[in-house]
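K.L.:
File follows, start.pdb with PDB, C-alpha atoms, pLDDT in the B column:
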```pdb
ATOM      1  CA  MET A 107       6.615  21.166  -1.105  1.00 80.00           C
ATOM      2  CA  SER A 108       7.812  17.661  -1.916  1.00 89.00           C
ATOM      3  CA  PHE A 109      10.497  15.411  -0.510  1.00 91.00           C
ATOM      4  CA  THR A 110      13.439  13.443  -1.756  1.00 92.00           C
ATOM      5  CA  LEU A 111      14.994  10.923   0.597  1.00 92.00           C
ATOM      6  CA  THR A 112      17.692  13.400   1.571  1.00 91.00           C
ATOM      7  CA  THR A 113      15.325  16.297   2.279  1.00 93.00           C
ATOM      8  CA  LEU A 114      12.906  14.080   4.238  1.00 94.00           C
ATOM      9  CA  LYS A 115      15.694  12.686   6.413  1.00 95.00           C
ATOM     10  CA  GLN A 116      16.924  16.199   7.095  1.00 95.00           C
ATOM     11  CA  SER A 117      13.404  17.364   7.992  1.00 95.00           C
ATOM     12  CA  ILE A 118      12.956  14.497  10.445  1.00 96.00           C
ATOM     13  CA  GLN A 119      16.245  15.373  12.116  1.00 96.00           C
ATOM     14  CA  ASP A 120      15.395  19.086  12.168  1.00 96.00           C
ATOM     15  CA  TRP A 121      11.917  18.572  13.664  1.00 95.00           C
ATOM     16  CA  THR A 122      13.149  16.125  16.301  1.00 94.00           C
ATOM     17  CA  GLU A 123      16.413  18.005  16.887  1.00 94.00           C
ATOM     18  CA  ASN A 124      18.154  14.653  16.899  1.00 94.00           C
ATOM     19  CA  ASP A 125      21.266  13.762  14.928  1.00 93.00           C
ATOM     20  CA  GLU A 126      22.471  10.974  17.218  1.00 95.00           C
ATOM     21  CA  THR A 127      24.004   8.102  15.206  1.00 95.00           C
ATOM     22  CA  THR A 128      21.588   5.360  16.312  1.00 95.00           C
ATOM     23  CA  PHE A 129      18.624   7.617  15.486  1.00 95.00           C
ATOM     24  CA  VAL A 130      20.025   8.581  12.069  1.00 94.00           C
ATOM     25  CA  ASN A 131      20.651   4.906  11.261  1.00 96.00           C
ATOM     26  CA  GLU A 132      16.921   4.231  11.799  1.00 96.00           C
ATOM     27  CA  LEU A 133      15.613   6.957   9.463  1.00 96.00           C
ATOM     28  CA  ASP A 134      14.983   4.585   6.530  1.00 95.00           C
ATOM     29  CA  PHE A 135      13.005   2.323   8.865  1.00 96.00           C
ATOM     30  CA  PHE A 136      10.864   5.278  10.035  1.00 97.00           C
ATOM     31  CA  ILE A 137      10.165   6.248   6.429  1.00 95.00           C
ATOM     32  CA  LYS A 138       9.215   2.707   5.352  1.00 95.00           C
ATOM     33  CA  ASN A 139       6.864   2.360   8.328  1.00 95.00           C
ATOM     34  CA  ALA A 140       5.311   5.740   7.572  1.00 96.00           C
ATOM     35  CA  GLU A 141       4.746   4.823   3.912  1.00 93.00           C
ATOM     36  CA  GLU A 142       3.185   1.516   4.968  1.00 90.00           C
ATOM     37  CA  ARG A 143       0.751   3.302   7.303  1.00 92.00           C
ATOM     38  CA  ILE A 144      -0.344   5.597   4.500  1.00 92.00           C
ATOM     39  CA  PHE A 145      -0.753   2.754   1.973  1.00 85.00           C
ATOM     40  CA  LYS A 146      -2.977   0.843   4.367  1.00 84.00           C
ATOM     41  CA  LEU A 147      -5.093   3.804   5.486  1.00 89.00           C
ATOM     42  CA  VAL A 148      -5.915   5.372   2.118  1.00 86.00           C
ATOM     43  CA  ASP A 149      -7.319   3.620  -0.939  1.00 81.00           C
ATOM     44  CA  LEU A 150      -5.893   5.637  -3.836  1.00 81.00           C
ATOM     45  CA  ASP A 151      -6.459   4.680  -7.456  1.00 81.00           C
ATOM     46  CA  TYR A 152      -2.787   5.443  -7.984  1.00 83.00           C
ATOM     47  CA  PHE A 153      -1.908   2.301  -6.011  1.00 87.00           C
ATOM     48  CA  ARG A 154      -3.929  -0.055  -8.222  1.00 90.00           C
ATOM     49  CA  LYS A 155      -2.620  -2.212 -11.030  1.00 92.00           C
ATOM     50  CA  ASN A 156      -3.920  -4.657 -13.609  1.00 94.00           C
ATOM     51  CA  VAL A 157      -1.772  -7.573 -14.687  1.00 94.00           C
ATOM     52  CA  GLU A 158      -2.364 -10.562 -16.886  1.00 93.00           C
ATOM     53  CA  GLY A 159      -1.314 -14.053 -16.004  1.00 91.00           C
ATOM     54  CA  GLY A 160      -2.535 -17.476 -16.846  1.00 91.00           C
ATOM     55  CA  PHE A 161      -4.405 -20.401 -15.416  1.00 93.00           C
ATOM     56  CA  THR A 162      -2.921 -23.635 -16.726  1.00 92.00           C
ATOM     57  CA  THR A 163      -4.677 -26.928 -17.152  1.00 93.00           C
ATOM     58  CA  GLY A 164      -4.499 -29.058 -14.028  1.00 92.00           C
ATOM     59  CA  ASN A 165      -2.800 -26.356 -11.890  1.00 93.00           C
ATOM     60  CA  LYS A 166      -4.966 -24.960  -9.101  1.00 93.00           C
ATOM     61  CA  PHE A 167      -2.462 -22.206  -8.217  1.00 94.00           C
ATOM     62  CA  LEU A 168      -1.868 -18.754  -9.692  1.00 94.00           C
ATOM     63  CA  GLN A 169       1.235 -16.808  -8.664  1.00 94.00           C
ATOM     64  CA  LYS A 170       0.780 -13.371  -7.100  1.00 95.00           C
ATOM     65  CA  PRO A 171       2.809 -10.365  -8.292  1.00 94.00           C
ATOM     66  CA  SER A 172       5.768  -9.495  -6.057  1.00 91.00           C
ATOM     67  CA  ASP A 173       4.253  -6.084  -5.143  1.00 89.00           C
ATOM     68  CA  TYR A 174       0.798  -7.510  -4.309  1.00 91.00           C
ATOM     69  CA  LEU A 175      -1.070  -6.217  -1.227  1.00 87.00           C
ATOM     70  CA  ALA A 176      -4.785  -6.948  -1.794  1.00 89.00           C
ATOM     71  CA  THR A 177      -7.200  -8.009  -4.514  1.00 93.00           C
ATOM     72  CA  TYR A 178      -9.924  -5.924  -6.117  1.00 93.00           C
ATOM     73  CA  SER A 179     -10.892  -8.593  -8.640  1.00 95.00           C
ATOM     74  CA  LEU A 180      -9.636 -11.733 -10.342  1.00 96.00           C
ATOM     75  CA  SER A 181     -11.106 -12.838 -13.635  1.00 95.00           C
ATOM     76  CA  TYR A 182     -10.330 -14.909 -16.704  1.00 95.00           C
ATOM     77  CA  ILE A 183     -11.447 -14.984 -20.311  1.00 91.00           C
ATOM     78  CA  LYS A 184     -13.459 -17.922 -21.618  1.00 90.00           C
ATOM     79  CA  ASN A 185     -15.176 -17.884 -25.013  1.00 88.00           C
ATOM     80  CA  SER A 186     -14.511 -14.112 -25.298  1.00 88.00           C
ATOM     81  CA  GLU A 187     -16.347 -13.541 -22.012  1.00 91.00           C
ATOM     82  CA  ASN A 188     -14.757 -12.096 -18.865  1.00 92.00           C
ATOM     83  CA  ILE A 189     -15.596 -14.421 -15.925  1.00 94.00           C
ATOM     84  CA  PHE A 190     -15.094 -12.937 -12.447  1.00 97.00           C
ATOM     85  CA  LEU A 191     -14.167 -15.348  -9.666  1.00 96.00           C
ATOM     86  CA  LEU A 192     -15.727 -15.137  -6.218  1.00 96.00           C
ATOM     87  CA  GLN A 193     -13.343 -14.713  -3.310  1.00 96.00           C
ATOM     88  CA  LYS A 194     -13.612 -17.358  -0.594  1.00 96.00           C
ATOM     89  CA  ASP A 195     -11.630 -18.761   2.318  1.00 94.00           C
ATOM     90  CA  VAL A 196      -8.936 -21.380   1.608  1.00 94.00           C
ATOM     91  CA  ASN A 197     -10.900 -23.967   3.622  1.00 94.00           C
ATOM     92  CA  PHE A 198     -13.944 -23.404   1.418  1.00 95.00           C
ATOM     93  CA  ILE A 199     -11.829 -23.917  -1.713  1.00 93.00           C
ATOM     94  CA  GLN A 200     -10.297 -27.119  -0.406  1.00 89.00           C
ATOM     95  CA  GLU A 201     -13.677 -28.510   0.673  1.00 91.00           C
ATOM     96  CA  TYR A 202     -15.312 -27.473  -2.608  1.00 91.00           C
ATOM     97  CA  THR A 203     -12.697 -29.367  -4.584  1.00 88.00           C
ATOM     98  CA  ALA A 204     -11.670 -32.093  -2.151  1.00 85.00           C
ATOM     99  CA  ASN A 205     -10.013 -33.934  -5.041  1.00 87.00           C
ATOM    100  CA  PRO A 206      -7.690 -31.493  -6.869  1.00 79.00           C
ATOM    101  CA  ALA A 207      -7.851 -33.757  -9.922  1.00 85.00           C
ATOM    102  CA  THR A 208     -11.461 -32.635 -10.360  1.00 87.00           C
ATOM    103  CA  THR A 209     -11.302 -30.002 -13.071  1.00 91.00           C
ATOM    104  CA  GLY A 210     -13.676 -27.455 -14.562  1.00 91.00           C
ATOM    105  CA  SER A 211     -14.040 -23.750 -15.174  1.00 92.00           C
ATOM    106  CA  PRO A 212     -12.829 -21.908 -12.049  1.00 95.00           C
ATOM    107  CA  ILE A 213     -15.545 -20.250  -9.968  1.00 95.00           C
ATOM    108  CA  TYR A 214     -13.790 -19.398  -6.685  1.00 96.00           C
ATOM    109  CA  TYR A 215     -10.395 -18.182  -5.538  1.00 96.00           C
ATOM    110  CA  ALA A 216      -8.601 -17.565  -2.249  1.00 96.00           C
ATOM    111  CA  SER A 217      -5.256 -16.284  -1.078  1.00 94.00           C
ATOM    112  CA  PHE A 218      -3.418 -19.559  -0.443  1.00 95.00           C
ATOM    113  CA  ASP A 219      -0.133 -18.144   0.843  1.00 94.00           C
ATOM    114  CA  VAL A 220       2.046 -15.071   0.446  1.00 92.00           C
ATOM    115  CA  ASP A 221       2.986 -16.080  -3.123  1.00 95.00           C
ATOM    116  CA  ASN A 222      -0.081 -17.834  -4.564  1.00 96.00           C
ATOM    117  CA  PHE A 223      -3.818 -17.834  -5.090  1.00 96.00           C
ATOM    118  CA  ILE A 224      -5.718 -21.126  -5.187  1.00 94.00           C
ATOM    119  CA  VAL A 225      -8.738 -21.613  -7.473  1.00 95.00           C
ATOM    120  CA  ALA A 226     -11.583 -24.087  -7.559  1.00 94.00           C
ATOM    121  CA  PRO A 227     -12.303 -26.129  -9.423  1.00 94.00           C
ATOM    122  CA  THR A 228      -8.847 -26.830 -10.840  1.00 92.00           C
ATOM    123  CA  PRO A 229      -8.763 -25.332 -14.382  1.00 94.00           C
ATOM    124  CA  ASP A 230      -9.663 -27.770 -17.158  1.00 93.00           C
ATOM    125  CA  ALA A 231      -8.004 -25.571 -19.806  1.00 92.00           C
ATOM    126  CA  ASP A 232      -5.499 -22.752 -20.142  1.00 93.00           C
ATOM    127  CA  PHE A 233      -7.099 -19.341 -19.525  1.00 93.00           C
ATOM    128  CA  THR A 234      -5.798 -15.789 -19.595  1.00 93.00           C
ATOM    129  CA  ALA A 235      -6.305 -14.330 -16.125  1.00 94.00           C
ATOM    130  CA  GLU A 236      -6.527 -10.675 -15.160  1.00 95.00           C
ATOM    131  CA  LEU A 237      -5.788  -9.500 -11.640  1.00 96.00           C
ATOM    132  CA  HIS A 238      -6.835  -6.019 -10.523  1.00 96.00           C
ATOM    133  CA  TYR A 239      -4.997  -5.336  -7.267  1.00 93.00           C
ATOM    134  CA  PHE A 240      -3.680  -2.905  -4.694  1.00 89.00           C
ATOM    135  CA  TYR A 241       0.119  -2.844  -4.882  1.00 88.00           C
ATOM    136  CA  ARG A 242       3.011  -1.671  -2.757  1.00 84.00           C
ATOM    137  CA  PRO A 243       4.935   1.021  -4.677  1.00 86.00           C
ATOM    138  CA  ALA A 244       8.692   1.319  -4.307  1.00 86.00           C
ATOM    139  CA  SER A 245       9.750   3.086  -1.148  1.00 89.00           C
ATOM    140  CA  LEU A 246      11.351   6.509  -1.204  1.00 91.00           C
ATOM    141  CA  THR A 247      14.286   4.808   0.548  1.00 92.00           C
ATOM    142  CA  THR A 248      15.196   2.926  -2.650  1.00 88.00           C
ATOM    143  CA  ASP A 249      16.307   6.014  -4.605  1.00 70.00           C
ATOM    144  CA  ASP A 250      18.115   8.896  -2.906  1.00 63.00           C
ATOM    145  CA  SER A 251      17.686  11.343  -5.781  1.00 64.00           C
ATOM    146  CA  GLY A 252      14.102  10.527  -6.714  1.00 82.00           C
ATOM    147  CA  SER A 253      10.658  11.031  -5.317  1.00 86.00           C
ATOM    148  CA  THR A 254       7.506   8.948  -5.010  1.00 89.00           C
ATOM    149  CA  TRP A 255       3.849   9.741  -5.488  1.00 88.00           C
ATOM    150  CA  ILE A 256       3.426  10.126  -1.727  1.00 90.00           C
ATOM    151  CA  SER A 257       6.534  12.266  -1.244  1.00 91.00           C
ATOM    152  CA  THR A 258       5.305  14.595  -4.003  1.00 90.00           C
ATOM    153  CA  ASN A 259       1.516  14.596  -3.487  1.00 89.00           C
ATOM    154  CA  ALA A 260       1.165  13.906   0.250  1.00 91.00           C
ATOM    155  CA  PRO A 261       4.338  15.282   1.822  1.00 93.00           C
ATOM    156  CA  ASP A 262       2.607  16.446   4.997  1.00 95.00           C
ATOM    157  CA  ALA A 263       1.124  12.987   5.655  1.00 95.00           C
ATOM    158  CA  LEU A 264       4.523  11.427   5.025  1.00 95.00           C
ATOM    159  CA  LEU A 265       6.370  13.878   7.270  1.00 96.00           C
ATOM    160  CA  TYR A 266       3.952  13.550  10.206  1.00 96.00           C
ATOM    161  CA  ALA A 267       3.875   9.757   9.902  1.00 96.00           C
ATOM    162  CA  CYS A 268       7.683   9.778  10.005  1.00 96.00           C
ATOM    163  CA  LEU A 269       7.659  12.066  13.039  1.00 96.00           C
ATOM    164  CA  VAL A 270       5.270   9.706  14.836  1.00 96.00           C
ATOM    165  CA  GLU A 271       7.659   6.838  14.107  1.00 96.00           C
ATOM    166  CA  ALA A 272      10.685   8.902  15.169  1.00 96.00           C
ATOM    167  CA  TYR A 273       9.120  10.154  18.409  1.00 95.00           C
ATOM    168  CA  THR A 274       7.950   6.656  19.282  1.00 94.00           C
ATOM    169  CA  PHE A 275      11.517   5.435  18.787  1.00 95.00           C
ATOM    170  CA  MET A 276      12.867   8.296  20.911  1.00 93.00           C
ATOM    171  CA  LYS A 277      10.245   7.681  23.607  1.00 93.00           C
ATOM    172  CA  GLY A 278       9.477  11.366  23.164  1.00 88.00           C
ATOM    173  CA  GLU A 279       7.137  13.480  25.210  1.00 91.00           C
ATOM    174  CA  PRO A 280       3.516  12.275  24.999  1.00 92.00           C
ATOM    175  CA  ASP A 281       2.075  15.711  24.175  1.00 93.00           C
ATOM    176  CA  ILE A 282       4.406  16.102  21.168  1.00 92.00           C
ATOM    177  CA  LEU A 283       3.643  12.566  19.996  1.00 92.00           C
ATOM    178  CA  GLN A 284      -0.082  13.315  20.336  1.00 94.00           C
ATOM    179  CA  LEU A 285       0.371  16.514  18.323  1.00 94.00           C
ATOM    180  CA  TYR A 286       2.145  14.649  15.496  1.00 95.00           C
ATOM    181  CA  ASN A 287      -0.483  11.900  15.551  1.00 94.00           C
ATOM    182  CA  GLY A 288      -3.198  14.544  15.283  1.00 95.00           C
ATOM    183  CA  ARG A 289      -1.484  16.279  12.390  1.00 95.00           C
ATOM    184  CA  PHE A 290      -0.990  12.935  10.678  1.00 95.00           C
ATOM    185  CA  GLY A 291      -4.710  12.178  11.131  1.00 94.00           C
ATOM    186  CA  GLU A 292      -5.644  15.542   9.570  1.00 94.00           C
ATOM    187  CA  ALA A 293      -3.335  14.913   6.605  1.00 93.00           C
ATOM    188  CA  ILE A 294      -4.799  11.425   6.113  1.00 93.00           C
ATOM    189  CA  GLN A 295      -8.341  12.844   6.130  1.00 92.00           C
ATOM    190  CA  ARG A 296      -7.360  15.319   3.406  1.00 90.00           C
ATOM    191  CA  LEU A 297      -5.774  12.506   1.421  1.00 88.00           C
ATOM    192  CA  LYS A 298      -8.909  10.352   1.839  1.00 86.00           C
ATOM    193  CA  GLY A 299     -10.983  13.297   0.610  1.00 85.00           C
ATOM    194  CA  TYR A 300      -8.746  13.503  -2.437  1.00 78.00           C
ATOM    195  CA  ALA A 301      -9.101   9.753  -3.025  1.00 71.00           C
ATOM    196  CA  GLU A 302     -12.887   9.897  -2.801  1.00 69.00           C
ATOM    197  CA  GLY A 303     -13.083  13.203  -4.691  1.00 64.00           C
TER     198      GLY A 303
END
```
Mind turning the file's structure into structure tokens?

P.N.:
Amino acid sequence: MSFTLTTLKQSIQDWTENDETTFVNELDFFIKNAEERIFKLVDLDYFRKNVEGGFTTGNKFLQKPSDYLATYSLSYIKNSENIFLLQKDVNFIQEYTANPATTGSPIYYASFDVDNFIVAPTPDADFTAELHYFYRPASLTTDDSGSTWISTNAPDALLYACLVEAYTFMKGEPDILQLYNGRFGEAIQRLKGYAEG
């Protein structure tokens, strides 16, 4: 079994026996929330990426990819050697290099804001950087005819997560909500077993 957007929406409506307009208008929201729960509960290799970027001389910032969620590692190449930076808090970075004009080979990095990393010391040369990170894949809601890794490989986790979202929205009966939460938990445990397997 796997889902497309159309078949998942129909399944949610069938399981909840709800085709009321306000409910139907919220289906994409339920699906996005369900996907987000799964992404944040299970660490699958499938949701990792490597990208190259660049540190530039005198610039202490490095832009994050638009689909970035969390870092596994950040490194750069210097003299044919891969140098891995140590992750620190932004306050540590700013105290370590109180004067941003102080340059050198970067040792530390932190998540500065939603769009950028900050490194210390400020790079004294241009370096090729490599970011290994956990990313947010495109939602099933972006393509009505397609499928996603989750909708194909973890359809039960996706369905039960959607039902939890839908029943919460409906203020459904607590025993049914508990049942769906339990089934979702079981599906997540199987998915975690797959990820660790």

K.L.:
Could you expand the PyMOL selection byres ((chain A and resi 157) around 8) into the explicit residues it covers here, written as a list in words?

P.N.:
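Taken on the displayed file, the PyMOL selection byres ((chain A and resi 157) around 8) yields the residues Lys155, Asn156, Glu158, Gly159, Glu236, Leu237 and His238 of chain A.
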
K.L.:
Identify which of the residues A:Asn139, A:Asn222, A:Gln116, A:Gln169 lies closest to Cys268 (chain A), counting only C-alpha atoms when measuring atom-to-atom distances.

P.N.:
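Checking each of A:Asn139, A:Asn222, A:Gln116, A:Gln169 against Cys268 (chain A), counting only C-alpha atoms, the winner is A:Asn139.
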
K.L.:
Could you work out how far CA of Tyr241 (chain A) lies from CA of Val130 (chain A), giving the answer in Å with one decimal?

P.N.:
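So the answer is 28.5 Å.
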
K.L.:
Near Pro227 (chain A), within 12 Å and counting all atoms listed in the file, which residues show up once chain neighbours fewer than 5 positions away are dropped, as a list of chain:residue names?

P.N.:
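Skipping anything fewer than 5 positions along the chain leaves A:Phe161, A:Thr163, A:Gly164, A:Asn165, A:Lys166, A:Phe167, A:Leu191, A:Leu192, A:Phe198, A:Ile199, A:Gln200, A:Glu201, A:Tyr202, A:Thr203, A:Ala204, A:Asn205, A:Pro206, A:Ala207, A:Thr208, A:Thr209, A:Gly210, A:Ser211, A:Pro212, A:Ile213, A:Tyr214, A:Tyr215, A:Ala216.
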
K.L.:
Run through the PyMOL selection byres ((chain A and resi 284-297) around 7) on the given coordinates and return the selected residues as an MDAnalysis selection string.

P.N.:
chainID A and resid 262:263 266:267 269:270 280:283 298:301

K.L.:
For Arg154 (chain A), find every residue with an atom within 10 Å (counting only C-alpha atoms), except residues of its own chain fewer than 6 positions away, and show them as JSON, numbers by chain.

P.N.:
{"A": [174, 175, 176, 177, 178, 238, 239, 240, 241, 242, 243]}
